[in-house]
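S.K.: Dropping in structure.cif, which is mmCIF, C-alpha atoms:
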```
data_upload
loop_
_atom_site.label_atom_id
_atom_site.label_comp_id
_atom_site.auth_asym_id
_atom_site.auth_seq_id
_atom_site.Cartn_x
_atom_site.Cartn_y
_atom_site.Cartn_z
CA MET A 59 -0.59 1.71 -7.13
CA LEU A 60 2.95 3.02 -6.78
CA GLY A 61 5.49 3.30 -9.57
CA LEU A 62 8.46 1.00 -9.03
CA GLY A 63 11.92 1.52 -10.43
CA ALA A 64 15.09 -0.52 -10.30
CA VAL A 65 15.31 -2.79 -7.27
CA ILE A 66 18.38 -2.29 -5.10
CA SER A 67 20.22 -5.60 -4.79
CA PRO A 68 20.54 -7.31 -1.40
CA LYS A 69 24.28 -7.28 -2.05
CA ALA A 70 24.16 -3.58 -1.18
CA LYS A 71 24.51 -4.55 2.46
CA SER A 72 28.19 -5.27 1.82
CA HIS A 73 28.80 -1.95 0.09
CA VAL A 74 26.73 0.59 1.98
CA LEU A 75 27.08 4.05 0.51
CA ARG A 76 26.95 7.11 2.72
CA GLY A 77 23.74 8.79 1.73
CA SER A 78 20.06 9.21 2.47
CA LEU A 79 16.77 10.20 0.88
CA GLU A 80 15.04 13.49 1.58
CA THR A 81 11.34 14.02 1.08
CA THR A 82 9.99 17.40 0.08
CA ILE A 83 6.88 19.20 1.28
CA ALA A 84 5.03 18.06 -1.85
CA ILE A 85 2.04 15.78 -1.31
CA ASP A 86 3.51 13.15 -3.67
CA SER A 87 6.97 12.97 -2.05
CA TYR A 88 7.43 10.16 0.47
CA ILE A 89 9.11 6.88 1.42
CA SER A 90 6.77 3.92 1.86
CA ILE A 91 7.64 1.05 4.25
CA PRO A 92 5.56 -2.16 4.21
CA ILE A 93 4.23 -3.03 7.68
CA THR A 94 1.74 -5.73 6.72
CA ASN A 95 4.22 -8.48 7.63
CA ILE A 96 3.16 -10.73 10.52
CA LEU A 97 6.25 -9.71 12.51
CA PHE A 98 4.47 -6.48 13.53
CA ARG A 99 1.75 -8.50 15.31
CA GLY A 100 4.10 -10.13 17.80
CA ASN A 101 7.09 -9.00 19.85
CA HIS A 102 9.21 -6.82 17.60
CA SER A 103 11.49 -3.79 17.39
CA PHE A 104 12.19 -1.25 14.71
CA SER A 105 14.92 1.33 14.26
CA THR A 106 15.13 4.32 11.96
CA TRP A 107 17.58 7.18 11.42
CA VAL A 108 15.87 10.48 10.61
CA LYS A 109 16.81 14.13 10.37
CA LEU A 110 14.50 17.13 10.42
CA LYS A 111 15.97 19.35 7.74
CA VAL A 112 14.88 22.68 9.22
CA SER A 113 14.00 23.99 12.66
CA ASN A 114 10.71 25.70 11.84
CA ILE A 115 8.61 22.55 12.12
CA ASP A 116 5.69 22.40 14.50
CA THR A 117 4.90 18.70 14.16
CA THR A 118 5.83 15.98 11.71
CA ASN A 119 3.68 12.89 11.34
CA ILE A 120 5.08 9.67 9.92
CA GLY A 121 3.31 6.34 9.70
CA TYR A 122 -0.11 4.93 8.97
CA LYS A 123 -3.65 5.83 10.07
CA HIS A 124 -6.95 4.24 9.18
CA ALA A 125 -10.10 6.14 8.28
CA THR A 126 -12.15 4.03 10.70
CA LYS A 127 -11.21 5.54 14.05
CA SER A 128 -12.05 2.40 16.00
CA ALA A 129 -9.89 0.17 13.81
CA ARG A 130 -6.87 -1.34 15.57
CA GLN A 131 -4.70 -0.84 12.53
CA GLU A 132 -2.82 2.41 13.15
CA TYR A 133 0.94 2.63 13.60
CA PHE A 134 2.49 6.09 13.58
CA LEU A 135 4.88 8.55 15.17
CA THR A 136 4.43 12.25 15.75
CA LEU A 137 7.64 14.28 16.08
CA TYR A 138 7.24 17.61 17.82
CA GLY A 139 9.75 20.06 16.40
CA GLN A 140 11.46 23.14 17.75
CA ASP A 141 8.56 25.46 17.04
CA PHE A 142 6.18 23.43 19.15
CA SER A 143 5.32 24.95 22.53
CA ASP A 144 6.21 21.81 24.51
CA PRO A 145 9.83 20.99 25.50
CA GLY A 146 10.08 18.53 22.64
CA THR A 147 8.68 15.00 22.64
CA ILE A 148 8.06 12.07 20.43
CA LEU A 149 4.59 10.57 20.66
CA PHE A 150 4.19 7.00 19.55
CA THR A 151 0.86 5.28 18.99
CA GLN A 152 0.51 1.63 18.01
CA ARG A 153 -2.75 -0.21 17.30
CA SER A 154 -4.50 2.91 18.49
CA GLY A 155 -8.13 1.84 18.18
CA LEU A 156 -10.11 2.79 21.28
CA GLY A 157 -7.09 4.71 22.59
CA LEU A 158 -5.40 1.56 23.85
CA SER A 159 -1.77 2.12 23.10
CA ARG A 160 -0.39 5.63 23.36
CA LYS A 161 3.26 6.07 24.33
CA SER A 162 5.63 9.04 24.49
CA GLY A 163 9.30 9.76 25.03
CA LEU A 164 11.58 12.79 25.17
CA SER A 165 13.28 13.44 21.85
CA GLY A 166 15.67 16.31 22.56
CA ILE A 167 14.39 18.13 19.48
CA SER A 168 13.16 21.17 21.37
CA LYS A 169 12.38 24.82 20.81
CA SER A 170 15.28 25.99 22.96
CA ASP A 171 18.25 23.77 22.11
CA SER A 172 18.52 24.41 18.35
CA ARG A 173 19.43 20.82 17.50
CA SER A 174 17.40 20.20 14.42
CA SER A 175 19.42 19.35 11.33
CA LYS A 176 21.09 16.54 13.31
CA TRP A 177 20.56 12.82 12.84
CA CYS A 178 18.29 11.16 15.36
CA ASN A 179 18.03 7.40 15.94
CA ILE A 180 14.57 6.23 17.00
CA VAL A 181 14.06 2.68 18.26
CA VAL A 182 10.68 1.28 19.30
CA THR A 183 10.40 -2.07 21.09
CA THR A 184 7.26 -4.09 21.84
CA GLN A 185 7.04 -6.92 24.38
CA SER A 186 4.01 -8.91 25.52
CA THR A 187 3.91 -9.21 29.31
CA ALA A 188 2.86 -12.16 31.46
CA GLY A 189 -0.70 -13.19 30.66
CA GLY A 190 -0.53 -11.62 27.23
CA ASN A 191 -3.07 -8.85 27.89
CA THR A 192 -0.58 -6.00 28.11
CA THR A 193 1.95 -4.94 25.52
CA ASP A 194 4.94 -3.06 26.93
CA THR A 195 6.12 -0.54 24.34
CA LYS A 196 9.31 1.46 24.84
CA ILE A 197 10.78 4.32 22.84
CA TYR A 198 14.52 5.01 22.65
CA ILE A 199 15.94 8.22 21.24
CA ASN A 200 19.67 8.17 20.51
CA GLY A 201 20.17 5.07 22.63
CA ILE A 202 18.33 6.39 25.68
CA GLN A 203 14.88 5.23 26.77
CA GLY A 204 12.25 7.94 26.82
CA SER A 205 9.56 8.33 29.43
CA SER A 206 6.37 6.30 29.11
CA GLN A 207 3.05 8.12 29.04
CA ALA A 208 0.66 5.21 29.41
CA SER A 209 0.47 1.43 29.51
CA THR A 210 -0.90 -0.57 26.61
CA ALA A 211 -3.76 -2.82 27.72
CA MET A 212 -5.02 -5.11 24.97
CA THR A 213 -6.77 -8.44 24.83
CA ALA A 214 -5.31 -11.28 22.81
CA ALA A 215 -8.05 -10.80 20.22
CA GLN A 216 -7.25 -7.10 19.92
CA LYS A 217 -3.58 -7.84 19.33
CA GLU A 218 -4.43 -10.35 16.63
CA ASP A 219 -6.72 -7.78 15.03
CA PHE A 220 -3.76 -5.60 14.07
CA ALA A 221 -3.71 -5.89 10.28
CA PRO A 222 -2.72 -2.71 8.43
CA THR A 223 -3.84 -2.63 4.83
CA SER A 224 -1.23 -0.17 3.61
CA ALA A 225 2.24 1.21 4.28
CA PHE A 226 4.16 3.21 6.89
CA ILE A 227 4.97 6.58 5.28
CA PHE A 228 7.96 8.88 5.93
CA GLY A 229 7.46 12.49 4.88
CA GLY A 230 3.86 12.64 6.03
CA LEU A 231 1.07 10.34 7.10
CA ASN A 232 -0.65 7.58 5.13
CA PHE A 233 -4.32 8.07 5.91
CA SER A 234 -6.16 5.15 4.36
CA ALA A 235 -9.57 3.52 4.24
CA GLY A 236 -8.08 0.46 2.60
CA SER A 237 -5.06 -0.21 0.43
CA THR A 238 -5.06 3.15 -1.37
CA VAL A 239 -2.34 5.56 -0.27
CA ASN A 240 -3.75 8.94 0.73
CA HIS A 241 -0.69 10.92 1.78
CA THR A 242 -1.37 13.87 4.10
CA SER A 243 0.50 16.48 6.20
CA PRO A 244 3.85 16.36 4.35
CA ASN A 245 7.06 17.73 5.85
CA SER A 246 10.62 17.50 4.61
CA ILE A 247 12.53 14.73 6.41
CA ARG A 248 15.73 12.81 5.68
CA VAL A 249 15.76 9.06 6.19
CA SER A 250 18.90 6.95 5.96
CA SER A 251 17.54 3.57 7.07
CA PHE A 252 14.70 1.53 8.52
CA SER A 253 15.17 -1.88 10.19
CA ALA A 254 12.83 -4.28 12.00
CA TRP A 255 13.45 -7.36 14.14
CA SER A 256 11.13 -10.19 15.22
CA ARG A 257 12.19 -9.80 18.84
CA THR A 258 12.42 -7.17 21.56
CA LEU A 259 15.89 -5.62 21.50
CA ALA A 260 17.67 -5.24 24.84
CA PRO A 261 18.69 -1.73 25.99
CA SER A 262 22.38 -2.66 25.61
CA GLU A 263 21.75 -3.69 21.99
CA ILE A 264 20.08 -0.36 21.27
CA THR A 265 23.06 1.51 22.69
CA THR A 266 25.34 -0.58 20.47
CA ILE A 267 23.20 0.18 17.41
CA TYR A 268 23.36 3.92 18.12
CA LYS A 269 27.17 3.77 18.40
CA GLY A 270 27.55 7.30 19.72
CA GLY A 271 25.57 8.80 16.83
CA ARG A 272 27.26 7.04 13.91
CA GLY A 273 25.22 3.86 13.66
CA ARG A 274 26.48 0.46 12.51
CA LYS A 275 25.66 -2.36 10.11
CA LEU A 276 23.14 -4.81 11.51
CA HIS A 277 23.76 -8.03 9.57
CA ARG A 278 26.29 -9.47 12.02
CA ASN A 279 26.49 -9.61 15.79
CA ILE A 280 29.01 -7.36 17.47
CA GLY A 281 29.47 -6.44 21.12
CA ASP A 282 26.14 -6.40 22.94
CA TYR A 283 24.20 -6.58 19.69
CA THR A 284 23.16 -10.24 19.26
CA SER A 285 20.00 -10.06 17.14
CA SER A 286 21.31 -10.22 13.57
CA ASN A 287 19.52 -13.55 12.98
CA ASP A 288 16.22 -11.87 13.91
CA LEU A 289 16.68 -8.97 11.46
CA LYS A 290 13.68 -9.31 9.14
CA LEU A 291 13.54 -5.94 7.36
CA ASP A 292 16.52 -3.72 6.61
CA TYR A 293 16.51 -0.80 4.17
CA ASN A 294 19.38 1.57 3.43
CA PHE A 295 18.17 4.56 1.44
CA ASN A 296 21.57 5.35 0.00
CA SER A 297 21.16 4.89 -3.73
CA VAL A 298 21.82 7.80 -6.04
CA SER A 299 18.75 6.54 -7.90
CA GLN A 300 16.38 8.85 -6.04
CA ASP A 301 13.15 7.04 -6.73
CA GLY A 302 12.19 3.42 -7.23
CA SER A 303 12.05 0.36 -5.02
CA TYR A 304 14.41 -0.81 -2.30
CA LYS A 305 14.49 -4.52 -1.46
CA SER A 306 14.99 -5.42 2.18
CA THR A 307 18.42 -6.92 2.91
CA GLY A 308 17.00 -8.67 5.99
CA SER A 309 15.65 -12.20 5.85
CA VAL A 310 12.26 -10.97 4.55
CA ALA A 311 12.42 -9.65 0.99
CA GLU A 312 9.77 -6.95 1.31
CA VAL A 313 10.09 -3.89 -0.93
CA ALA A 314 10.01 -0.25 0.16
CA VAL A 315 9.22 2.52 -2.31
CA ALA A 316 10.66 6.04 -2.65
CA LYS A 317 8.64 8.55 -4.63
CA ASN A 318 9.77 12.06 -5.66
CA CYS A 319 12.62 12.15 -3.14
CA ILE A 320 15.97 13.94 -3.28
CA PHE A 321 19.21 12.00 -2.81
CA THR A 322 21.77 13.55 -0.46
CA SER A 323 25.25 12.37 0.56
CA ASP A 324 24.37 13.14 4.18
CA HIS A 325 24.47 10.06 6.47
CA PRO A 326 24.84 9.47 10.25
CA SER A 327 28.24 7.81 9.83
CA SER A 328 29.53 10.80 7.87
CA SER A 329 29.92 12.73 11.12
CA THR A 330 33.02 12.37 13.26
CA GLY A 331 31.24 13.57 16.40
CA ARG A 332 28.29 12.62 18.53
CA LEU A 333 24.99 13.60 16.95
CA GLN A 334 22.07 15.09 18.81
CA GLY A 335 22.10 13.74 22.30
#
```
Output the file's structure as structure tokens, nothing else.
M.R.:
Amino acid sequence: MLGLGAVISPKAKSHVLRGSLETTIAIDSYISIPITNILFRGNHSFSTWVKLKVSNIDTTNIGYKHATKSARQEYFLTLYGQDFSDPGTILFTQRSGLGLSRKSGLSGISKSDSRSSKWCNIVVTTQSTAGGNTTDTKIYINGIQGSSQASTAMTAAQKEDFAPTSAFIFGGLNFSAGSTVNHTSPNSIRVSSFSAWSRTLAPSEITTIYKGGRGRKLHRNIGDYTSSNDLKLDYNFNSVSQDGSYKSTGSVAEVAVAKNCIFTSDHPSSSTGRLQG
């Protein structure tokens, strides 16, 4: 379905280059992250570093939607950019069938503060509460928890029903009726990494990961960050080979795919100052 190039070796985690991939506004330019792994059904967290290249973006969708509106298979983010009329929010929806799981958080990417073109760290955590019928989802932007718009009430059967048939897309939205990628609503976005854990990260860990806007490697525990053994997926999009496949350097060897992207030397750790926030 997708053309694969040279696989980036897991050894890359010891020699991380400072770089990222940038999608274009073309319909066939995107980064594809596999989310079919069972870890996304239980308690989990994911982290990604993104940058909106320009300020004149109304909204940017990233993630996965399903053509059957009632299907509990959707997992996506909507970033409201500076040209949106609202103050600037991130809207997160997980397993969105029947409107069960909408969440939102302030992003700081607003019409008035002119802070696009800065790296933004987004962390999403999911935790089942007592009784198992409610999933508590939190959004963190640059180490700070955003406000919650609504609770997530789901039965055990509904949670087990989450089974996406295709990938999480950066640079647009993967709108699918099955396993075929149908990429829609593209916007240019830079992505330096995507990581996922099989546990709910603590707020202090998320602050440590953010590291004042520079980020850090995730394969060993340091400070308040103690979840390296639970790191399942970890992708660093820092290869000068713009397209091809990127093997996870976490404990699960899933493969992400970059298609028609531009390599840039820009990276969160390249800055000496605090980024956006």
S.K.: With the file shown as input, list the residues that the PyMOL selection byres ((chain A and resi 306-310) around 7) selects, as a list in words.
M.R.: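 Taken on the displayed file, the PyMOL selection byres ((chain A and resi 306-310) around 7) yields the residues Pro68, Lys71, Leu289, Lys290, Leu291, Asp292, Tyr293, Tyr304, Lys305, Ala311, Glu312 and Val313 of chain A.
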S.K.: Any chance you could export the current selection's C-alpha atoms as a CSV table (one decimal), in the coordinates of the input?
M.R.:
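Written output follows (selection.csv):
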```csv
chain,number,residue,atom,x,y,z
A,68,PRO,CA,20.5,-7.3,-1.4
A,71,LYS,CA,24.5,-4.6,2.5
A,289,LEU,CA,16.7,-9.0,11.5
A,290,LYS,CA,13.7,-9.3,9.1
A,291,LEU,CA,13.5,-5.9,7.4
A,292,ASP,CA,16.5,-3.7,6.6
A,293,TYR,CA,16.5,-0.8,4.2
A,304,TYR,CA,14.4,-0.8,-2.3
A,305,LYS,CA,14.5,-4.5,-1.5
A,311,ALA,CA,12.4,-9.6,1.0
A,312,GLU,CA,9.8,-7.0,1.3
A,313,VAL,CA,10.1,-3.9,-0.9
```
S.K.: For A:Asn101, find every residue with an atom within 6 Å (counting only C-alpha atoms), except residues of its own chain fewer than 6 positions away, and show them as a PyMOL selection string.
M.R.: chain A and resi 184-185+257-258
S.K.: Which residue is closest to A:Cys178? Choose from A:Pro326, A:Gly100, A:Pro261, A:Gly302 and count all atoms listed in the file.
M.R.: A:Pro326
S.K.: Quick check on the file I pasted: which residues fall under the PyMOL selection byres ((chain A and resi 265-269) around 10)? Write them as a ChimeraX atom specification.
M.R.: /A:105,107,178-181,198-203,260-264,270-276,280-284,326-327,332-333
S.K.: My list of candidates is A:Ser323, A:Asn119, A:Thr193, A:Asn287. Which is closest to A:Ala254 when distances are computed with only C-alpha atoms?
M.R.: A:Asn287
S.K.: Quick one: what's the axis-aligned box for stretch 84-88 of chain A, all listed atoms, 3 Å on every side, centre and edges in Å to one decimal, as JSON?
M.R.:
```
{"center_x": 4.7, "center_y": 14.1, "center_z": -1.6, "size_x": 11.4, "size_y": 13.9, "size_z": 10.1}
```
S.K.: When the PyMOL selection byres ((chain A and resi 73-89) around 10) is applied to the file above, which residues end up in the set, as a PyMOL selection string?
M.R.: chain A and resi 68-72+90-91+107-111+120+225-232+240-251+275+294-303+314-328
S.K.: Pick out the closest residue to A:Phe252 from this set: A:Phe98, A:Trp177, A:Phe104, A:Phe233. Count only C-alpha atoms.
M.R.: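 Of A:Phe98, A:Trp177, A:Phe104, A:Phe233, the one nearest A:Phe252 is A:Phe104, counting only C-alpha atoms.
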S.K.: How many Å lie between atom CA of A:Ile93 and atom CA of A:Leu259, rounded to one decimal?
M.R.: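 We find that atom CA of A:Ile93 and atom CA of A:Leu259 lie 18.3 Å from each other.
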